[in-house]
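Engineer: Sharing query-v8.pdb here; it has PDB, C-alpha atoms.
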ATOM      1  CA  MET A 625      17.820  26.658  16.433
ATOM      2  CA  ILE A 626      17.809  30.025  18.171
ATOM      3  CA  LYS A 627      18.298  33.109  16.041
ATOM      4  CA  LEU A 628      17.427  36.739  15.465
ATOM      5  CA  LEU A 629      15.480  37.497  12.318
ATOM      6  CA  ARG A 630      17.617  39.618   9.987
ATOM      7  CA  LYS A 631      16.679  41.582   6.903
ATOM      8  CA  SER A 632      19.380  39.801   4.891
ATOM      9  CA  ALA A 633      17.421  36.531   5.244
ATOM     10  CA  PHE A 634      14.508  37.944   3.244
ATOM     11  CA  THR A 635      14.106  39.024  -0.362
ATOM     12  CA  GLU A 636      14.281  42.599  -1.555
ATOM     13  CA  GLU A 637      10.598  42.408  -2.383
ATOM     14  CA  GLN A 638       9.720  41.230   1.130
ATOM     15  CA  ASN A 639      11.839  43.949   2.729
ATOM     16  CA  SER A 640      10.236  46.660   0.618
ATOM     17  CA  ALA A 641       6.639  45.550   1.225
ATOM     18  CA  ARG A 642       4.324  47.987   2.966
ATOM     19  CA  ALA A 643       3.981  45.637   5.949
ATOM     20  CA  ALA A 644       7.770  45.432   6.393
ATOM     21  CA  VAL A 645       7.674  48.163   9.058
ATOM     22  CA  TYR A 646       6.066  45.633  11.427
ATOM     23  CA  THR A 647       7.890  42.788  13.144
ATOM     24  CA  LYS A 648       4.829  40.540  12.994
ATOM     25  CA  TYR A 649       5.032  40.571   9.193
ATOM     26  CA  TYR A 650       8.453  38.931   9.329
ATOM     27  CA  GLN A 651       7.396  36.503  12.039
ATOM     28  CA  HIS A 652       4.673  35.167   9.762
ATOM     29  CA  LEU A 653       7.088  34.904   6.842
ATOM     30  CA  GLU A 654       9.583  32.944   8.916
ATOM     31  CA  ILE A 655       7.097  30.569  10.537
ATOM     32  CA  THR A 656       5.611  29.860   7.094
ATOM     33  CA  ARG A 657       9.071  29.070   5.762
ATOM     34  CA  PHE A 658       9.820  26.716   8.654
ATOM     35  CA  LEU A 659       6.495  24.879   8.694
ATOM     36  CA  SER A 660       6.499  24.333   4.927
ATOM     37  CA  GLY A 661       8.963  21.496   5.462
ATOM     38  CA  TYR A 662       6.367  19.585   7.503
ATOM     39  CA  THR A 663       2.946  20.402   6.065
ATOM     40  CA  GLY A 664       2.891  17.664   3.430
ATOM     41  CA  GLU A 665       4.155  14.656   5.406
ATOM     42  CA  MET A 666       3.343  15.212   9.093
ATOM     43  CA  GLU A 667       0.816  12.632  10.292
ATOM     44  CA  GLY A 668       0.997  13.147  14.035
ATOM     45  CA  PHE A 669      -0.530  15.881  16.190
ATOM     46  CA  VAL A 670       0.155  19.490  15.199
ATOM     47  CA  CYS A 671      -0.836  22.276  17.585
ATOM     48  CA  GLU A 672      -0.966  26.045  17.314
ATOM     49  CA  ILE A 673      -0.813  27.873  20.630
ATOM     50  CA  GLY A 674      -2.803  31.108  20.816
ATOM     51  CA  PRO A 675      -3.910  31.377  17.170
ATOM     52  CA  TRP A 676      -6.882  33.638  17.924
ATOM     53  CA  GLN A 677      -8.750  33.772  14.605
ATOM     54  CA  ASN A 678      -6.039  32.935  12.086
ATOM     55  CA  PHE A 679      -5.786  29.251  11.218
ATOM     56  CA  LYS A 680      -3.974  29.332   7.880
ATOM     57  CA  TYR A 681      -0.988  27.422   9.246
ATOM     58  CA  LEU A 682      -3.030  24.553  10.628
ATOM     59  CA  ARG A 683      -5.006  24.226   7.411
ATOM     60  CA  ALA A 684      -1.767  23.784   5.472
ATOM     61  CA  PHE A 685      -1.135  20.428   7.166
ATOM     62  CA  GLN A 686      -2.664  17.913   4.783
ATOM     63  CA  ARG A 687      -2.328  14.682   6.785
ATOM     64  CA  ALA A 688      -1.788  15.736  10.403
ATOM     65  CA  ARG A 689      -4.269  15.756  13.267
ATOM     66  CA  LEU A 690      -4.896  19.328  14.345
ATOM     67  CA  CYS A 691      -5.061  20.843  17.807
ATOM     68  CA  ILE A 692      -5.504  24.342  19.248
ATOM     69  CA  ILE A 693      -4.613  25.575  22.729
ATOM     70  CA  ASP A 694      -6.248  28.918  23.523
ATOM     71  CA  PRO A 695      -8.590  30.009  26.334
ATOM     72  CA  TYR A 696     -10.595  32.377  24.080
ATOM     73  CA  ASN A 697     -11.476  35.307  26.338
ATOM     74  CA  ASN A 698     -10.269  33.306  29.354
ATOM     75  CA  ALA A 699     -13.619  31.528  29.535
ATOM     76  CA  THR A 700     -12.096  28.158  30.328
ATOM     77  CA  GLY A 701     -14.628  25.407  29.907
ATOM     78  CA  GLY A 702     -17.261  27.974  29.014
ATOM     79  CA  GLY A 703     -18.375  26.416  25.751
ATOM     80  CA  LEU A 704     -17.931  27.794  22.265
ATOM     81  CA  ALA A 705     -19.734  31.136  22.572
ATOM     82  CA  ASN A 706     -16.586  33.232  22.066
ATOM     83  CA  VAL A 707     -14.680  30.841  19.820
ATOM     84  CA  PRO A 708     -14.305  31.732  16.113
ATOM     85  CA  GLN A 709     -16.646  29.781  13.895
ATOM     86  CA  ASN A 710     -14.015  29.125  11.228
ATOM     87  CA  LEU A 711     -12.003  26.616  13.250
ATOM     88  CA  PRO A 712     -10.251  23.978  11.141
ATOM     89  CA  TYR A 713     -12.213  20.744  11.020
ATOM     90  CA  PRO A 714     -11.656  18.251  12.431
ATOM     91  CA  CYS A 715      -9.653  19.847  15.209
ATOM     92  CA  SER A 716      -9.222  19.269  18.948
ATOM     93  CA  LEU A 717      -9.703  22.441  20.975
ATOM     94  CA  TYR A 718      -8.200  22.792  24.445
ATOM     95  CA  ARG A 719      -9.625  25.949  25.948
ATOM     96  CA  CYS A 720      -6.974  26.652  28.544
ATOM     97  CA  LEU A 721      -3.684  28.349  29.341
ATOM     98  CA  LEU A 722      -0.603  26.138  29.379
ATOM     99  CA  GLY A 723       0.771  25.960  32.887
ATOM    100  CA  VAL A 724      -2.392  27.359  34.454
ATOM    101  CA  ASP A 725      -5.321  25.011  33.825
ATOM    102  CA  SER A 726      -4.018  22.661  31.155
ATOM    103  CA  ARG A 727      -3.945  19.276  32.905
ATOM    104  CA  VAL A 728      -6.798  18.167  30.642
ATOM    105  CA  ILE A 729      -4.263  17.800  27.807
ATOM    106  CA  PRO A 730      -2.788  14.252  27.634
ATOM    107  CA  ASP A 731       0.900  13.560  28.239
ATOM    108  CA  ARG A 732       3.160  13.170  25.203
ATOM    109  CA  LEU A 733       0.502  14.216  22.717
ATOM    110  CA  LEU A 734       2.150  16.681  20.340
ATOM    111  CA  ASP A 735       4.521  15.965  17.489
ATOM    112  CA  LEU A 736       4.789  19.637  16.526
ATOM    113  CA  SER A 737       3.646  22.840  18.229
ATOM    114  CA  PHE A 738       4.163  26.461  17.307
ATOM    115  CA  SER A 739       3.153  30.017  18.114
ATOM    116  CA  VAL A 740       3.557  33.447  16.523
ATOM    117  CA  SER A 741       3.994  36.480  18.778
ATOM    118  CA  VAL A 742       2.452  34.773  21.819
ATOM    119  CA  LEU A 743       5.124  33.798  24.331
ATOM    120  CA  GLU A 744       6.370  37.324  25.013
ATOM    121  CA  HIS A 745       2.976  38.029  26.612
ATOM    122  CA  ILE A 746       3.500  35.400  29.320
ATOM    123  CA  GLY A 747       4.442  37.275  32.481
ATOM    124  CA  GLN A 748       4.379  40.581  30.605
ATOM    125  CA  ALA A 749       1.516  42.195  32.501
ATOM    126  CA  GLU A 750       2.956  40.938  35.804
ATOM    127  CA  CYS A 751       6.227  42.819  35.213
ATOM    128  CA  GLY A 752       4.531  46.020  34.039
ATOM    129  CA  TYR A 753       5.108  45.442  30.303
ATOM    130  CA  ASP A 754       8.807  46.153  30.745
ATOM    131  CA  CYS A 755      10.717  45.517  27.499
ATOM    132  CA  ASN A 756      14.163  46.359  28.874
ATOM    133  CA  PRO A 757      16.665  43.473  28.992
ATOM    134  CA  VAL A 758      17.632  42.004  32.354
ATOM    135  CA  GLU A 759      20.095  39.245  33.223
ATOM    136  CA  GLN A 760      17.893  37.991  36.051
ATOM    137  CA  PRO A 761      14.222  38.567  35.145
ATOM    138  CA  PRO A 762      11.846  39.108  38.078
ATOM    139  CA  GLU A 763      10.211  36.025  39.526
ATOM    140  CA  VAL A 764       6.771  37.441  38.801
ATOM    141  CA  GLN A 765       7.632  37.104  35.113
ATOM    142  CA  GLU A 766       9.566  33.853  35.322
ATOM    143  CA  ALA A 767       7.060  31.811  37.330
ATOM    144  CA  PRO A 768       4.386  31.683  34.592
ATOM    145  CA  ARG A 769       7.036  31.170  31.898
ATOM    146  CA  ASN A 770       8.547  28.228  33.722
ATOM    147  CA  ALA A 771       5.096  26.748  34.269
ATOM    148  CA  PHE A 772       4.333  27.158  30.557
ATOM    149  CA  CYS A 773       7.544  25.406  29.506
ATOM    150  CA  ARG A 774       7.026  22.543  31.957
ATOM    151  CA  GLU A 775       3.528  21.908  30.633
ATOM    152  CA  LEU A 776       4.670  22.147  27.034
ATOM    153  CA  PHE A 777       7.410  19.625  27.764
ATOM    154  CA  ARG A 778       4.870  17.286  29.372
ATOM    155  CA  ILE A 779       2.499  17.316  26.407
ATOM    156  CA  THR A 780       5.252  17.091  23.766
ATOM    157  CA  LYS A 781       6.113  13.638  22.483
ATOM    158  CA  PRO A 782       9.770  12.548  22.833
ATOM    159  CA  GLY A 783      11.373  13.731  19.623
ATOM    160  CA  GLY A 784       8.612  16.323  19.177
ATOM    161  CA  ILE A 785       9.337  19.855  17.991
ATOM    162  CA  THR A 786       8.169  23.210  19.328
ATOM    163  CA  VAL A 787       8.740  26.447  17.373
ATOM    164  CA  HIS A 788       8.076  30.054  18.410
ATOM    165  CA  THR A 789       8.660  33.624  17.285
ATOM    166  CA  VAL A 790       8.562  36.454  19.822
ATOM    167  CA  ASP A 791       8.849  40.233  19.820
ATOM    168  CA  HIS A 792      11.109  42.223  22.149
ATOM    169  CA  ALA A 793      14.123  39.954  21.580
ATOM    170  CA  ALA A 794      16.362  41.843  24.010
ATOM    171  CA  ARG A 795      13.959  41.198  26.881
ATOM    172  CA  ASN A 796      12.865  37.737  25.846
ATOM    173  CA  LEU A 797      16.234  36.207  25.078
ATOM    174  CA  THR A 798      15.932  34.716  28.579
ATOM    175  CA  LEU A 799      13.047  32.534  27.307
ATOM    176  CA  VAL A 800      15.764  30.246  25.984
ATOM    177  CA  LYS A 801      16.765  29.509  29.580
ATOM    178  CA  ASN A 802      13.166  28.660  30.453
ATOM    179  CA  PHE A 803      13.010  26.062  27.682
ATOM    180  CA  LEU A 804      16.432  24.570  28.410
ATOM    181  CA  ALA A 805      15.753  24.326  32.145
ATOM    182  CA  THR A 806      12.664  22.237  31.397
ATOM    183  CA  GLY A 807      14.572  19.703  29.294
ATOM    184  CA  PHE A 808      14.111  20.907  25.718
ATOM    185  CA  GLU A 809      17.140  20.998  23.419
ATOM    186  CA  PRO A 810      17.777  23.432  20.530
ATOM    187  CA  MET A 811      17.116  21.763  17.193
ATOM    188  CA  ASN A 812      20.482  22.851  15.796
ATOM    189  CA  ALA A 813      23.831  23.277  17.462
ATOM    190  CA  GLY A 814      24.956  26.798  18.280
ATOM    191  CA  SER A 815      24.838  29.211  21.174
ATOM    192  CA  GLY A 816      22.248  31.557  19.682
ATOM    193  CA  PRO A 817      22.373  35.363  19.661
ATOM    194  CA  THR A 818      23.908  37.526  22.346
ATOM    195  CA  LEU A 819      22.239  40.430  24.088
ATOM    196  CA  ASP A 820      24.637  42.780  22.322
ATOM    197  CA  GLU A 821      23.445  41.454  18.947
ATOM    198  CA  CYS A 822      19.832  41.958  20.002
ATOM    199  CA  LEU A 823      20.531  45.601  20.739
ATOM    200  CA  SER A 824      23.120  46.654  18.175
ATOM    201  CA  ASP A 825      23.118  44.462  15.043
ATOM    202  CA  PRO A 826      22.012  46.817  12.221
ATOM    203  CA  ASP A 827      20.647  43.914  10.153
ATOM    204  CA  VAL A 828      18.133  42.771  12.780
ATOM    205  CA  ILE A 829      14.419  43.119  11.990
ATOM    206  CA  ARG A 830      12.973  45.792  14.275
ATOM    207  CA  GLN A 831       9.586  47.407  14.745
ATOM    208  CA  GLN A 832       9.618  50.668  12.784
ATOM    209  CA  ARG A 833       6.242  52.072  13.864
ATOM    210  CA  ASP A 834       4.583  52.700  17.189
ATOM    211  CA  TRP A 835       2.502  49.700  18.352
ATOM    212  CA  ILE A 836      -0.626  51.817  18.921
ATOM    213  CA  GLU A 837      -0.232  54.840  16.641
ATOM    214  CA  ASP A 838       0.965  53.095  13.503
ATOM    215  CA  ASP A 839       1.525  56.374  11.636
ATOM    216  CA  LYS A 840       4.103  57.390  14.233
ATOM    217  CA  PRO A 841       7.741  56.227  13.856
ATOM    218  CA  MET A 842       9.157  54.193  16.748
ATOM    219  CA  PRO A 843      11.820  56.239  18.613
ATOM    220  CA  GLU A 844      15.319  54.835  18.124
ATOM    221  CA  GLU A 845      15.852  54.185  21.834
ATOM    222  CA  GLU A 846      12.767  51.953  21.799
ATOM    223  CA  ARG A 847      13.322  50.462  18.352
ATOM    224  CA  VAL A 848      16.480  48.659  19.455
ATOM    225  CA  LEU A 849      14.412  46.726  22.020
ATOM    226  CA  HIS A 850      11.963  45.386  19.450
ATOM    227  CA  GLY A 851      13.853  42.782  17.476
ATOM    228  CA  VAL A 852      12.426  39.336  16.688
ATOM    229  CA  LEU A 853      13.643  36.080  18.215
ATOM    230  CA  PHE A 854      13.034  32.721  16.507
ATOM    231  CA  MET A 855      13.324  29.571  18.640
ATOM    232  CA  ALA A 856      13.016  25.906  17.670
ATOM    233  CA  PHE A 857      13.431  23.174  20.291
ATOM    234  CA  ARG A 858      13.038  19.416  20.412
ATOM    235  CA  ARG A 859      12.122  17.188  23.323
ATOM    236  CA  PRO A 860      14.952  14.640  23.611
ATOM    237  CA  GLN A 861      14.138  11.073  22.650
ATOM    238  CA  ARG A 862      16.035   9.629  25.590
ATOM    239  CA  LEU A 863      13.986   9.087  28.729
ATOM    240  CA  PHE A 864      15.532   7.830  31.972
ATOM    241  CA  GLY A 865      18.719   6.828  30.139
ATOM    242  CA  ARG A 866      17.045   4.811  27.372
ATOM    243  CA  LEU A 867      15.922   5.591  23.872
ATOM    244  CA  TRP A 868      12.225   6.292  23.399
ATOM    245  CA  LYS A 869      10.855   4.185  20.561
ATOM    246  CA  PRO A 870       7.340   5.177  19.498
ATOM    247  CA  LYS A 871       5.209   2.229  18.409
ATOM    248  CA  GLN A 872       4.062   3.994  15.262
ATOM    249  CA  TRP A 873       4.053   7.410  13.624
ATOM    250  CA  ARG A 874       0.357   7.526  12.828
ATOM    251  CA  ILE A 875      -1.537   7.983  16.077
ATOM    252  CA  SER A 876      -5.175   8.173  17.081
ATOM    253  CA  PRO A 877      -6.935  11.480  17.737
ATOM    254  CA  SER A 878      -7.182  13.033  21.158
ATOM    255  CA  PRO A 879     -10.493  13.737  22.855
ATOM    256  CA  GLY A 880     -11.583  17.253  21.942
ATOM    257  CA  VAL A 881     -12.789  19.642  24.609
TER     258      VAL A 881
END
Represent the structure contained in this file as C-alpha cells.

Structural biologist:
Amino acid sequence: MIKLLRKSAFTEEQNSARAAVYTKYYQHLEITRFLSGYTGEMEGFVCEIGPWQNFKYLRAFQRARLCIIDPYNNATGGGLANVPQNLPYPCSLYRCLLGVDSRVIPDRLLDLSFSVSVLEHIGQAECGYDCNPVEQPPEVQEAPRNAFCRELFRITKPGGITVHTVDHAARNLTLVKNFLATGFEPMNAGSGPTLDECLSDPDVIRQQRDWIEDDKPMPEEERVLHGVLFMAFRRPQRLFGRLWKPKQWRISPSPGV
C-alpha cells in the first residue's frame, strides 16, 4: 500500500479543523485509522520508531508487547537521563538509530512497526535539506536510507508489517525503492503514485503554512513539494524458497535496553 494522502479521504469536519493547514495533522489521522485494525488483537511485538514524547499509539495496543527505537538526543547507551518519563510500561527501549548502531536489536523481532513524519529526516541534513524531487537521489542521502531499510528488514519477522507516513512526498517517493530493494513488498497490489501526481494533483494534502513561521502562508512553488506519502510494506513469508512457519503467535518479550 503506497499512496498520497488526499483531502477526499477525510471528512468535511476533519478538513475544516484548525490543524488542517498542517500535513502532520493528517499523518496522525491516517496512522490512527490504519493501526485501529490491529490494536485489539495484536499479541506480538509492536514498535514505534522515533516517537519522541508521544506514545498514544503504543498505549492503544491492549495485548501486544511494546517496543521503542529512538536514540533520545543521540546519547546511545547513555542511560535514561534524557528519556521521557511517561514511557509506556512495560516497554522495551532500544536507544539507537536503525542502520547506525542498532545491532543490539534481535533478528526477526517485530510483528508491526510504524513511524509518523520520521523517515524523511534520514539523509536530509546530508543533502542540505533539499526537498526538490530527483530521479537519482545523491548517495549521501541514499546510503543512510538503505542502511535503515536493511536493518528494519532484519528485525522484522517474516510476515511482519511496517507502516510509515512522510512529508515532502515529491522528494521522498524514492523511499519506496529503498524498501523494495531490501526485500519488503507493498501490502496491497498497485504501482503507487507518480511524481506528477505528487506535484500536480489538486486533491493532495499539502502543507499550507510555513514550517517555522506558522502565521505565514507557504508559497505555492514550495507548497507543491510538501504532500504526504503513506507507505505500508510486509516482509515476505518465504525465506530461501520455503514458507516461513512461525511456531506460535504469542512470543516472549525481548531484553530491554

Engineer: Run the PyMOL selection byres ((chain A and resi 770-775) around 6) against the file shown and list the residues it catches, as a list in words.

Structural biologist: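 Going through the file, the PyMOL selection byres ((chain A and resi 770-775) around 6) ends up selecting Leu722, Gly723, Glu766, Ala767, Pro768, Arg769, Leu776, Phe777, Arg778, Asn802, Phe803 and Thr806 of chain A.
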
Engineer: Run the PyMOL selection byres ((chain A and resi 830) around 9) on the file and write out the hits as a list in words.

Structural biologist: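 Answer for the PyMOL selection byres ((chain A and resi 830) around 9): Leu629, Arg630, Val645, Tyr646, Thr647, Asp791, His792, Asp827, Val828, Ile829, Gln831, Gln832, Arg847, Val848, Leu849, His850, Gly851 and Val852 of chain A.
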
Engineer: Given all atoms listed in the file, how would the per-residue table for region 660-682 of chain A near region 686-692 of chain A read, listing every residue at most 9 Å away with its closest atom pair and distance in Å to one decimal, sorted by chain and number, as JSON lines?

Structural biologist:
{"residue": "A:Thr663", "atom": "CA", "partner": "A:Gln686", "partner_atom": "CA", "distance": 6.3}
{"residue": "A:Gly664", "atom": "CA", "partner": "A:Gln686", "partner_atom": "CA", "distance": 5.7}
{"residue": "A:Glu665", "atom": "CA", "partner": "A:Arg687", "partner_atom": "CA", "distance": 6.6}
{"residue": "A:Met666", "atom": "CA", "partner": "A:Ala688", "partner_atom": "CA", "distance": 5.3}
{"residue": "A:Glu667", "atom": "CA", "partner": "A:Ala688", "partner_atom": "CA", "distance": 4.1}
{"residue": "A:Gly668", "atom": "CA", "partner": "A:Ala688", "partner_atom": "CA", "distance": 5.3}
{"residue": "A:Phe669", "atom": "CA", "partner": "A:Arg689", "partner_atom": "CA", "distance": 4.7}
{"residue": "A:Val670", "atom": "CA", "partner": "A:Leu690", "partner_atom": "CA", "distance": 5.1}
{"residue": "A:Cys671", "atom": "CA", "partner": "A:Cys691", "partner_atom": "CA", "distance": 4.5}
{"residue": "A:Glu672", "atom": "CA", "partner": "A:Ile692", "partner_atom": "CA", "distance": 5.2}
{"residue": "A:Ile673", "atom": "CA", "partner": "A:Ile692", "partner_atom": "CA", "distance": 6.0}
{"residue": "A:Gly674", "atom": "CA", "partner": "A:Ile692", "partner_atom": "CA", "distance": 7.5}
{"residue": "A:Pro675", "atom": "CA", "partner": "A:Ile692", "partner_atom": "CA", "distance": 7.5}
{"residue": "A:Leu682", "atom": "CA", "partner": "A:Leu690", "partner_atom": "CA", "distance": 6.7}

Engineer: Residues as selected, C-alpha atoms, written as a PDB file, keeping the file's coordinate frame, can you do that?

Structural biologist:
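Printed below is again.pdb as written:
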ATOM      1  CA  THR A 663       2.946  20.402   6.065  1.00  0.00           C
ATOM      2  CA  GLY A 664       2.891  17.664   3.430  1.00  0.00           C
ATOM      3  CA  GLU A 665       4.155  14.656   5.406  1.00  0.00           C
ATOM      4  CA  MET A 666       3.343  15.212   9.093  1.00  0.00           C
ATOM      5  CA  GLU A 667       0.816  12.632  10.292  1.00  0.00           C
ATOM      6  CA  GLY A 668       0.997  13.147  14.035  1.00  0.00           C
ATOM      7  CA  PHE A 669      -0.530  15.881  16.190  1.00  0.00           C
ATOM      8  CA  VAL A 670       0.155  19.490  15.199  1.00  0.00           C
ATOM      9  CA  CYS A 671      -0.836  22.276  17.585  1.00  0.00           C
ATOM     10  CA  GLU A 672      -0.966  26.045  17.314  1.00  0.00           C
ATOM     11  CA  ILE A 673      -0.813  27.873  20.630  1.00  0.00           C
ATOM     12  CA  GLY A 674      -2.803  31.108  20.816  1.00  0.00           C
ATOM     13  CA  PRO A 675      -3.910  31.377  17.170  1.00  0.00           C
ATOM     14  CA  LEU A 682      -3.030  24.553  10.628  1.00  0.00           C
TER      15      LEU A 682
END

Engineer: Starting from the displayed file, determine the output of the PyMOL selection byres ((chain A and resi 633) around 12) and express the residue list as a list of chain:residue names.

Structural biologist: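 Selected by the PyMOL selection byres ((chain A and resi 633) around 12) here: A:Lys627, A:Leu628, A:Leu629, A:Arg630, A:Lys631, A:Ser632, A:Phe634, A:Thr635, A:Glu636, A:Glu637, A:Gln638, A:Asn639, A:Tyr650, A:Leu653, A:Glu654, A:Arg657, A:Asp827, A:Val828, A:Ile829.
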
Engineer: Can you write out the residues you just picked, keeping C-alpha atoms, as a PDB file, keeping the file's coordinate frame?

Structural biologist:
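Result file is part33.pdb:
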ATOM      1  CA  LYS A 627      18.298  33.109  16.041  1.00  0.00           C
ATOM      2  CA  LEU A 628      17.427  36.739  15.465  1.00  0.00           C
ATOM      3  CA  LEU A 629      15.480  37.497  12.318  1.00  0.00           C
ATOM      4  CA  ARG A 630      17.617  39.618   9.987  1.00  0.00           C
ATOM      5  CA  LYS A 631      16.679  41.582   6.903  1.00  0.00           C
ATOM      6  CA  SER A 632      19.380  39.801   4.891  1.00  0.00           C
ATOM      7  CA  PHE A 634      14.508  37.944   3.244  1.00  0.00           C
ATOM      8  CA  THR A 635      14.106  39.024  -0.362  1.00  0.00           C
ATOM      9  CA  GLU A 636      14.281  42.599  -1.555  1.00  0.00           C
ATOM     10  CA  GLU A 637      10.598  42.408  -2.383  1.00  0.00           C
ATOM     11  CA  GLN A 638       9.720  41.230   1.130  1.00  0.00           C
ATOM     12  CA  ASN A 639      11.839  43.949   2.729  1.00  0.00           C
ATOM     13  CA  TYR A 650       8.453  38.931   9.329  1.00  0.00           C
ATOM     14  CA  LEU A 653       7.088  34.904   6.842  1.00  0.00           C
ATOM     15  CA  GLU A 654       9.583  32.944   8.916  1.00  0.00           C
ATOM     16  CA  ARG A 657       9.071  29.070   5.762  1.00  0.00           C
ATOM     17  CA  ASP A 827      20.647  43.914  10.153  1.00  0.00           C
ATOM     18  CA  VAL A 828      18.133  42.771  12.780  1.00  0.00           C
ATOM     19  CA  ILE A 829      14.419  43.119  11.990  1.00  0.00           C
TER      20      ILE A 829
END

Engineer: Skipping near chain neighbours, those fewer than 4 positions away, what residues fall within 9 Å of Asn812 (chain A) using all atoms listed in the file, listed as number ranges by chain?

Structural biologist: A: 625-626, 856-857

Engineer: Rounded to one decimal place, report the CA of Thr656 (chain A)-CA of His745 (chain A) distance in Å.

Structural biologist: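 Between CA of Thr656 (chain A) and CA of His745 (chain A) the gap is 21.3 Å.
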